[in-house]
file my_file-v6.txt (compact mmCIF, C-alpha atoms)
# COMPACT_ATOMS: atom_id res chain seq x y z
CA LYS A 1 -20.30 -7.53 0.98
CA ILE A 2 -19.37 -7.89 4.64
CA LYS A 3 -21.35 -8.66 7.77
CA SER A 4 -20.84 -6.19 10.59
CA LEU A 5 -22.27 -5.83 14.08
CA ASP A 6 -24.39 -2.87 15.11
CA GLN A 7 -22.99 -2.02 18.56
CA PHE A 8 -26.25 -0.39 19.66
CA THR A 9 -28.73 -3.14 18.72
CA GLY A 10 -26.37 -6.13 18.76
CA ASN A 11 -27.73 -7.16 15.36
CA GLU A 12 -25.55 -8.23 12.47
CA GLU A 13 -26.18 -6.56 9.14
CA GLU A 14 -24.83 -7.22 5.65
CA LEU A 15 -23.31 -4.21 3.94
CA GLN A 16 -22.34 -3.81 0.29
CA LEU A 17 -18.90 -2.16 0.20
CA TYR A 18 -17.75 -2.58 -3.41
CA GLU A 19 -18.99 -3.58 -6.81
CA ASN A 20 -15.48 -4.62 -7.93
CA THR A 21 -11.99 -4.72 -6.44
CA TYR A 22 -8.66 -4.68 -8.29
CA SER A 23 -5.04 -5.01 -7.29
CA LEU A 24 -1.67 -4.01 -8.80
CA ILE A 25 1.41 -5.70 -7.31
CA ILE A 26 4.92 -4.50 -8.22
CA GLY A 27 8.22 -6.05 -7.13
CA ILE A 28 11.73 -5.11 -8.29
CA ASP A 29 15.07 -6.72 -7.36
CA ASN A 30 17.05 -5.90 -10.49
CA TYR A 31 17.95 -2.30 -11.33
CA PRO A 32 20.07 -1.93 -14.52
CA ASN A 33 20.98 1.69 -13.73
CA LEU A 34 22.12 1.01 -10.16
CA GLY A 35 25.33 -0.48 -8.81
CA PHE A 36 25.91 -4.08 -7.82
CA ASN A 37 25.51 -3.34 -4.11
CA GLN A 38 22.18 -1.58 -4.79
CA GLN A 39 20.45 -4.63 -6.24
CA LEU A 40 17.79 -6.19 -4.02
CA GLN A 41 17.17 -9.82 -3.10
CA TYR A 42 13.71 -10.10 -1.58
CA ALA A 43 11.45 -7.46 -3.14
CA VAL A 44 10.11 -9.75 -5.88
CA SER A 45 9.51 -12.66 -3.52
CA ASP A 46 7.72 -10.29 -1.12
CA ALA A 47 5.55 -8.94 -3.95
CA LYS A 48 4.77 -12.46 -5.19
CA ALA A 49 3.69 -13.47 -1.68
CA VAL A 50 1.33 -10.47 -1.52
CA ALA A 51 -0.09 -11.31 -4.97
CA LYS A 52 -0.58 -14.94 -3.94
CA SER A 53 -2.38 -13.86 -0.78
CA MET A 54 -4.65 -11.48 -2.71
CA ARG A 55 -5.65 -14.25 -5.14
CA LYS A 56 -6.02 -16.99 -2.54
CA ASN A 57 -7.51 -15.21 0.47
CA PHE A 58 -9.28 -12.04 -0.64
CA GLN A 59 -11.99 -10.95 -3.05
CA PHE A 60 -10.41 -9.32 -6.10
CA ASN A 61 -11.71 -9.33 -9.66
CA ASP A 62 -8.17 -9.08 -11.00
CA VAL A 63 -4.63 -9.09 -9.57
CA ILE A 64 -2.13 -7.50 -11.98
CA THR A 65 1.59 -8.10 -11.43
CA LEU A 66 4.75 -6.38 -12.66
CA TYR A 67 8.11 -7.92 -11.69
CA ASN A 68 11.66 -6.70 -12.47
CA GLU A 69 12.01 -5.72 -16.16
CA GLN A 70 8.21 -5.60 -16.51
CA ALA A 71 8.07 -2.80 -13.93
CA THR A 72 9.40 0.07 -16.05
CA LYS A 73 8.21 3.58 -15.38
CA THR A 74 6.03 3.48 -18.51
CA ASN A 75 4.43 0.16 -17.58
CA VAL A 76 3.72 1.25 -14.02
CA GLN A 77 2.21 4.50 -15.28
CA ARG A 78 0.12 2.57 -17.83
CA GLU A 79 -1.33 0.25 -15.19
CA LEU A 80 -2.08 3.18 -12.88
CA SER A 81 -3.83 4.94 -15.75
CA ASN A 82 -5.86 1.81 -16.51
CA PHE A 83 -7.56 2.19 -13.13
CA ARG A 84 -9.40 5.17 -14.65
CA LYS A 85 -11.73 2.47 -16.04
CA THR A 86 -12.97 1.64 -12.55
CA ASN A 87 -16.38 2.68 -11.25
CA LYS A 88 -17.27 4.89 -8.29
CA GLU A 89 -18.23 1.89 -6.11
CA ASP A 90 -14.95 0.02 -6.73
CA GLY A 91 -11.81 -0.46 -4.62
CA VAL A 92 -8.15 -0.56 -5.68
CA PHE A 93 -5.11 -1.91 -3.81
CA ILE A 94 -1.56 -1.14 -5.01
CA PHE A 95 1.59 -2.74 -3.54
CA PHE A 96 5.18 -1.76 -4.41
CA ALA A 97 8.34 -3.49 -3.16
CA GLY A 98 11.64 -2.06 -4.33
CA HIS A 99 13.82 0.98 -3.90
CA GLY A 100 12.56 4.32 -2.64
CA TYR A 101 14.46 7.59 -2.56
CA THR A 102 14.19 10.83 -0.63
CA GLU A 103 15.58 14.03 -2.09
CA SER A 104 16.09 16.89 0.38
CA THR A 105 15.51 20.39 -0.98
CA ARG A 106 15.34 23.86 0.56
CA ASP A 107 11.55 23.67 0.28
CA GLY A 108 11.15 20.22 1.83
CA ASP A 109 11.68 16.55 1.07
CA LEU A 110 10.58 14.84 -2.14
CA GLY A 111 9.81 11.12 -2.06
CA TYR A 112 10.14 8.76 -5.03
CA ILE A 113 9.54 5.13 -5.88
CA ILE A 114 12.17 3.82 -8.29
CA PRO A 115 10.96 1.68 -11.22
CA ASN A 116 13.14 -0.94 -12.91
CA ASP A 117 14.59 1.66 -15.31
CA GLY A 118 14.83 4.37 -12.62
CA SER A 119 17.86 6.07 -11.08
CA MET A 120 19.26 7.35 -7.78
CA ASN A 121 21.23 10.06 -9.55
CA GLU A 122 19.82 13.41 -8.40
CA ILE A 123 19.87 14.82 -11.94
CA GLU A 124 17.89 11.83 -13.20
CA MET A 125 14.90 11.98 -10.88
CA PHE A 126 12.71 12.31 -13.98
CA LYS A 127 13.23 8.55 -14.44
CA ASN A 128 11.39 7.86 -11.18
CA ILE A 129 7.81 8.29 -9.97
CA SER A 130 7.48 10.96 -7.33
CA MET A 131 4.89 10.84 -4.59
CA ASN A 132 3.40 14.02 -6.06
CA GLU A 133 3.13 12.29 -9.44
CA LEU A 134 1.64 9.19 -7.81
CA THR A 135 -0.97 11.37 -6.12
CA ASP A 136 -1.83 12.91 -9.49
CA TYR A 137 -2.33 9.44 -10.98
CA LEU A 138 -4.67 8.50 -8.13
CA LYS A 139 -6.91 11.57 -8.44
CA PRO A 140 -8.66 10.70 -11.75
CA ILE A 141 -9.29 7.09 -10.70
CA GLU A 142 -13.03 6.73 -10.30
CA ALA A 143 -12.83 4.01 -7.59
CA LYS A 144 -13.85 5.39 -4.20
CA HIS A 145 -11.16 3.66 -2.12
CA VAL A 146 -7.50 3.33 -3.18
CA PHE A 147 -4.88 1.94 -0.78
CA VAL A 148 -1.17 2.15 -1.70
CA VAL A 149 1.41 0.13 0.27
CA VAL A 150 5.10 0.80 -0.35
CA ASP A 151 7.83 -1.45 1.05
CA ALA A 152 10.59 1.11 0.58
CA CYS A 153 12.04 4.01 2.56
CA TYR A 154 11.30 7.68 2.13
CA SER A 155 9.67 10.57 3.89
CA GLY A 156 5.94 10.40 4.61
CA THR A 157 5.58 14.18 4.69
CA LEU A 158 2.97 14.27 1.91
CA LEU A 159 0.37 12.50 4.00
CA ALA A 160 -2.55 14.79 4.80
CA THR A 161 -3.61 12.87 7.91
CA ARG A 162 -1.77 10.42 10.16
CA ALA A 163 -2.72 7.12 11.70
CA ALA A 164 -4.97 7.18 14.75
CA LYS A 165 -3.39 6.71 18.18
CA ASN A 166 -5.98 4.05 18.95
CA GLU A 167 -7.06 1.19 16.70
CA PRO A 168 -10.05 2.29 14.59
CA ALA A 169 -13.45 0.81 15.42
CA THR A 170 -15.02 -1.40 12.77
CA ASP A 171 -18.68 -1.56 13.72
CA LEU A 172 -21.61 -1.14 11.35
CA ALA A 173 -21.89 2.62 11.87
CA TYR A 174 -18.19 3.05 11.00
CA PHE A 175 -18.49 1.04 7.79
CA LYS A 176 -21.61 2.90 6.70
CA GLU A 177 -19.78 6.20 7.14
CA MET A 178 -16.47 5.08 5.60
CA SER A 179 -18.12 3.34 2.64
CA ARG A 180 -19.53 6.68 1.52
CA GLY A 181 -16.18 8.47 1.64
CA ARG A 182 -13.69 8.78 -1.21
CA VAL A 183 -10.11 8.23 -0.05
CA ARG A 184 -6.52 7.66 -1.16
CA GLN A 185 -4.51 5.99 1.64
CA VAL A 186 -0.79 5.23 1.86
CA LEU A 187 1.29 2.97 4.10
CA THR A 188 5.07 3.13 3.67
CA ALA A 189 7.70 0.89 5.27
CA GLY A 190 9.81 3.65 6.77
CA GLY A 191 10.71 7.30 6.92
CA LYS A 192 13.54 9.33 5.50
CA ASN A 193 16.99 7.67 5.60
CA GLN A 194 15.66 4.68 7.56
CA GLN A 195 16.87 1.16 6.85
CA VAL A 196 14.18 -1.36 5.82
CA LEU A 197 14.85 -4.57 7.70
CA ASP A 198 14.81 -8.11 6.31
CA GLY A 199 14.34 -11.20 8.45
CA GLY A 200 10.62 -10.86 9.06
CA PRO A 201 7.90 -13.54 9.26
CA GLY A 202 7.84 -16.05 6.41
CA GLY A 203 11.28 -15.01 5.16
CA HIS A 204 9.98 -11.63 4.02
CA SER A 205 11.02 -8.13 5.00
CA VAL A 206 9.89 -7.23 8.51
CA PHE A 207 7.36 -4.79 7.04
CA THR A 208 5.85 -7.13 4.42
CA GLY A 209 6.02 -10.13 6.75
CA TYR A 210 3.87 -8.48 9.41
CA PHE A 211 1.64 -6.83 6.80
CA LEU A 212 0.84 -10.30 5.42
CA GLN A 213 0.52 -11.81 8.88
CA TYR A 214 -2.11 -9.30 9.99
CA LEU A 215 -3.94 -9.62 6.67
CA GLU A 216 -4.11 -13.40 6.72
CA ASN A 217 -5.07 -13.64 10.38
CA ALA A 218 -8.13 -11.46 9.82
CA SER A 219 -11.35 -13.46 10.18
CA SER A 220 -13.57 -11.95 7.49
CA PHE A 221 -12.21 -8.48 6.74
CA ILE A 222 -9.55 -5.98 7.75
CA THR A 223 -9.30 -2.27 6.94
CA ALA A 224 -6.38 -0.17 5.75
CA SER A 225 -6.68 1.88 8.94
CA GLN A 226 -6.37 -1.22 11.11
CA LEU A 227 -3.24 -2.25 9.19
CA GLY A 228 -1.97 1.32 9.44
CA PHE A 229 -2.29 1.05 13.22
CA LYS A 230 -0.98 -2.50 13.74
CA VAL A 231 1.90 -2.76 11.25
CA PRO A 232 3.85 0.39 12.24
CA LYS A 233 3.70 -0.52 15.94
CA GLN A 234 4.97 -4.05 15.28
CA VAL A 235 7.70 -3.02 12.83
CA TYR A 236 8.94 -0.25 15.11
CA SER A 237 9.08 -2.69 18.03
CA VAL A 238 11.08 -5.31 16.09
CA ALA A 239 13.45 -2.70 14.66
CA HIS A 240 13.97 -1.18 18.11
CA GLU A 241 14.94 -4.60 19.48
CA ARG A 242 17.61 -4.79 16.76
CA GLY A 243 18.93 -1.32 17.52
CA ILE A 244 17.50 0.16 14.32
CA THR A 245 14.96 2.94 13.76
CA GLN A 246 12.25 2.03 11.26
CA VAL A 247 8.92 3.82 11.60
CA PRO A 248 6.31 3.01 8.93
CA GLN A 249 4.11 5.92 7.94
CA PHE A 250 0.34 5.71 7.36
CA GLY A 251 -2.25 8.29 6.45
CA ASN A 252 -4.52 9.78 3.82
CA LEU A 253 -3.28 11.57 0.73
CA ILE A 254 -6.79 12.61 -0.22
CA GLY A 255 -10.20 12.42 1.40
CA GLU A 256 -11.76 10.36 4.18
CA GLY A 257 -12.77 6.73 3.93
CA ASP A 258 -11.19 3.31 4.47
CA PHE A 259 -10.18 0.54 2.08
CA VAL A 260 -11.39 -2.90 3.20
CA PHE A 261 -9.80 -6.27 2.37
CA ILE A 262 -12.70 -8.74 2.22
CA SER A 263 -11.92 -12.40 2.86
CA LYS A 264 -13.10 -15.05 0.42
CA ASN A 265 -14.50 -16.82 3.47
CA THR A 266 -16.96 -14.00 4.17
call {"tool": "encode", "arguments": {"input": "my_file-v6.txt", "output": "structure tokens"}}
result
Amino acid sequence: KIKSLDQFTGNEEELQLYENTYSLIIGIDNYPNLGFNQQLQYAVSDAKAVAKSMRKNFQFNDVITLYNEQATKTNVQRELSNFRKTNKEDGVFIFFAGHGYTESTRDGDLGYIIPNDGSMNEIEMFKNISMNELTDYLKPIEAKHVFVVVDACYSGTLLATRAAKNEPATDLAYFKEMSRGRVRQVLTAGGKNQQVLDGGPGGHSVFTGYFLQYLENASSFITASQLGFKVPKQVYSVAHERGITQVPQFGNLIGEGDFVFISKNT
């Protein structure tokens, strides 16, 4: 439940958003099939920080984690499939930190997340999880709101709708409308061939550092759409100051609605 203000009457009203909320956090530094210079240093620590924040600050029934060798393609697929057990009034948050890959074809770009046993070899893309495949895993999940955050680089071309130019309102009328909608939202750290920067707040990547900062500074709740507005602007600004182009992508894969992180202090 959250308490939200009715902008017309000035009255505060309590609104039931979810029956249950669940989270899956994935972080991968070590990739057996990749070269020495393709191993990562901070993905696991970033994922652990997100998991810690979910457990400490927000209302989740369960926070599932997969790190390094635990995060095989099969295990990730299994955990995604387990969300089929959710109910229609539930919410699901999924976070991935690791390698992403964009494959350019004559018919458009294909985006992938690379599991621990994945590959960057173009003839071994079957070892990875494509964004199309991820979308297919999200469709049968009964939960009404699913928010996927990916701290990796690849094209955001699969997004059906893009982030709003202005920060979304979060009054009572908005929440009543959004709580009825079924949605699958995605926020990625960058676009095709863009470098993901380290050296962000708290010793995390710039993307995860500001994602956590905005989350933890929220008073009682914050929506995926608010994060999808704030984080890309901040990351782009920091990257621009360093002479780098990094433009996070946010939007809806399916439907209309808005995932809400609800503080334990609510």
call {"tool": "axis_aligned_box", "arguments": {"input": "my_file-v6.txt", "around": "range 11-19 of chain A", "padding_each_side": "3 Å", "output": "AutoDock Vina command-line options"}}
result
--center_x -22.7 --center_y -5.2 --center_z 4.3 --size_x 16.0 --size_y 12.1 --size_z 28.2
call {"tool": "closest_residue", "arguments": {"input": "my_file-v6.txt", "among": "A:Leu134, A:Leu110, A:Ala218, A:Val206", "to": "Glu122 in chain A", "atoms": "all atoms listed in the file"}}
result
A:Leu110
call {"tool": "atom_distance", "arguments": {"input": "my_file-v6.txt", "atom1": "CA of Ser237 in chain A", "atom2": "CA of Asn217 in chain A"}}
result
19.5 Å
call {"tool": "closest_residue", "arguments": {"input": "my_file-v6.txt", "among": "A:Ala51, A:Leu138, A:Leu17, A:Leu187", "to": "Leu66 in chain A", "atoms": "all atoms listed in the file"}}
result
A:Ala51
call {"tool": "closest_residue", "arguments": {"input": "my_file-v6.txt", "among": "A:Thr208, A:Val196, A:His145, A:His240", "to": "Glu256 in chain A", "atoms": "all atoms listed in the file"}}
result
A:His145
call {"tool": "residues_around", "arguments": {"input": "my_file-v6.txt", "residues": "Met178 in chain A", "least_positions_apart": "2", "cutoff": "10 Å", "atoms": "only C-alpha atoms", "output": "list in words"}}
result
Leu17, His145, Thr170, Leu172, Ala173, Tyr174, Phe175, Lys176, Arg180, Gly181, Arg182, Val183, Glu256, Gly257, Asp258, Phe259 and Val260 of chain A
call {"tool": "closest_residue", "arguments": {"input": "my_file-v6.txt", "among": "A:Val235, A:Ile244, A:Val92, A:Val148", "to": "Glu19 in chain A", "atoms": "all atoms listed in the file"}}
result
A:Val92
call {"tool": "closest_residue", "arguments": {"input": "my_file-v6.txt", "among": "A:His99, A:Arg184, A:Arg242, A:Arg55", "to": "Ala224 in chain A", "atoms": "all atoms listed in the file"}}
result
A:Arg184
call {"tool": "decode", "arguments": {"input": "my_file-v6.txt", "residues": "range 54-77 of chain A", "atoms": "N, CA and C atoms", "output": "short mmCIF file (atom, residue, chain, number, x, y, z; two decimals), in the first residue's frame"}}
result
data_model
loop_
_atom_site.label_atom_id
_atom_site.label_comp_id
_atom_site.auth_asym_id
_atom_site.auth_seq_id
_atom_site.Cartn_x
_atom_site.Cartn_y
_atom_site.Cartn_z
N MET A 54 17.25 -3.59 -1.93
CA MET A 54 15.90 -4.15 -2.02
C MET A 54 15.47 -4.75 -0.69
N ARG A 55 16.39 -5.49 -0.05
CA ARG A 55 16.06 -6.15 1.22
C ARG A 55 15.91 -5.15 2.36
N LYS A 56 16.78 -4.15 2.38
CA LYS A 56 16.82 -3.22 3.50
C LYS A 56 15.77 -2.12 3.40
N ASN A 57 15.56 -1.60 2.20
CA ASN A 57 14.78 -0.36 2.05
C ASN A 57 13.39 -0.53 1.45
N PHE A 58 13.13 -1.64 0.76
CA PHE A 58 11.89 -1.75 0.01
C PHE A 58 11.12 -3.02 0.36
N GLN A 59 9.83 -3.00 0.05
CA GLN A 59 8.94 -4.09 0.41
C GLN A 59 8.95 -5.17 -0.67
N PHE A 60 9.70 -6.25 -0.39
CA PHE A 60 9.73 -7.42 -1.26
C PHE A 60 9.52 -8.68 -0.43
N ASN A 61 8.69 -9.57 -0.93
CA ASN A 61 8.50 -10.85 -0.25
C ASN A 61 9.76 -11.71 -0.34
N ASP A 62 10.46 -11.63 -1.48
CA ASP A 62 11.65 -12.44 -1.69
C ASP A 62 12.58 -11.73 -2.66
N VAL A 63 13.87 -11.79 -2.37
CA VAL A 63 14.91 -11.25 -3.26
C VAL A 63 15.83 -12.41 -3.62
N ILE A 64 15.76 -12.86 -4.86
CA ILE A 64 16.55 -13.99 -5.35
C ILE A 64 17.81 -13.45 -6.01
N THR A 65 18.96 -14.07 -5.75
CA THR A 65 20.21 -13.60 -6.33
C THR A 65 20.92 -14.71 -7.09
N LEU A 66 21.56 -14.34 -8.19
CA LEU A 66 22.42 -15.23 -8.97
C LEU A 66 23.70 -14.46 -9.28
N TYR A 67 24.85 -14.96 -8.79
CA TYR A 67 26.13 -14.29 -9.02
C TYR A 67 27.11 -15.24 -9.71
N ASN A 68 27.85 -14.70 -10.69
CA ASN A 68 28.89 -15.43 -11.40
C ASN A 68 28.43 -16.80 -11.87
N GLU A 69 29.07 -17.90 -11.38
CA GLU A 69 28.79 -19.23 -11.92
C GLU A 69 27.36 -19.69 -11.65
N GLN A 70 26.67 -19.03 -10.72
CA GLN A 70 25.25 -19.35 -10.50
C GLN A 70 24.39 -18.86 -11.66
N ALA A 71 24.86 -17.83 -12.34
CA ALA A 71 24.04 -17.14 -13.35
C ALA A 71 24.23 -17.72 -14.74
N THR A 72 24.07 -19.04 -14.86
CA THR A 72 24.10 -19.68 -16.18
C THR A 72 22.82 -19.36 -16.94
N LYS A 73 22.82 -19.61 -18.22
CA LYS A 73 21.62 -19.37 -19.01
C LYS A 73 20.45 -20.19 -18.46
N THR A 74 20.70 -21.45 -18.14
CA THR A 74 19.63 -22.32 -17.62
C THR A 74 19.08 -21.80 -16.31
N ASN A 75 19.96 -21.39 -15.40
CA ASN A 75 19.49 -20.90 -14.11
C ASN A 75 18.71 -19.60 -14.23
N VAL A 76 19.17 -18.70 -15.11
CA VAL A 76 18.43 -17.45 -15.32
C VAL A 76 17.06 -17.76 -15.91
N GLN A 77 17.03 -18.64 -16.90
CA GLN A 77 15.75 -19.01 -17.50
C GLN A 77 14.82 -19.67 -16.48
#
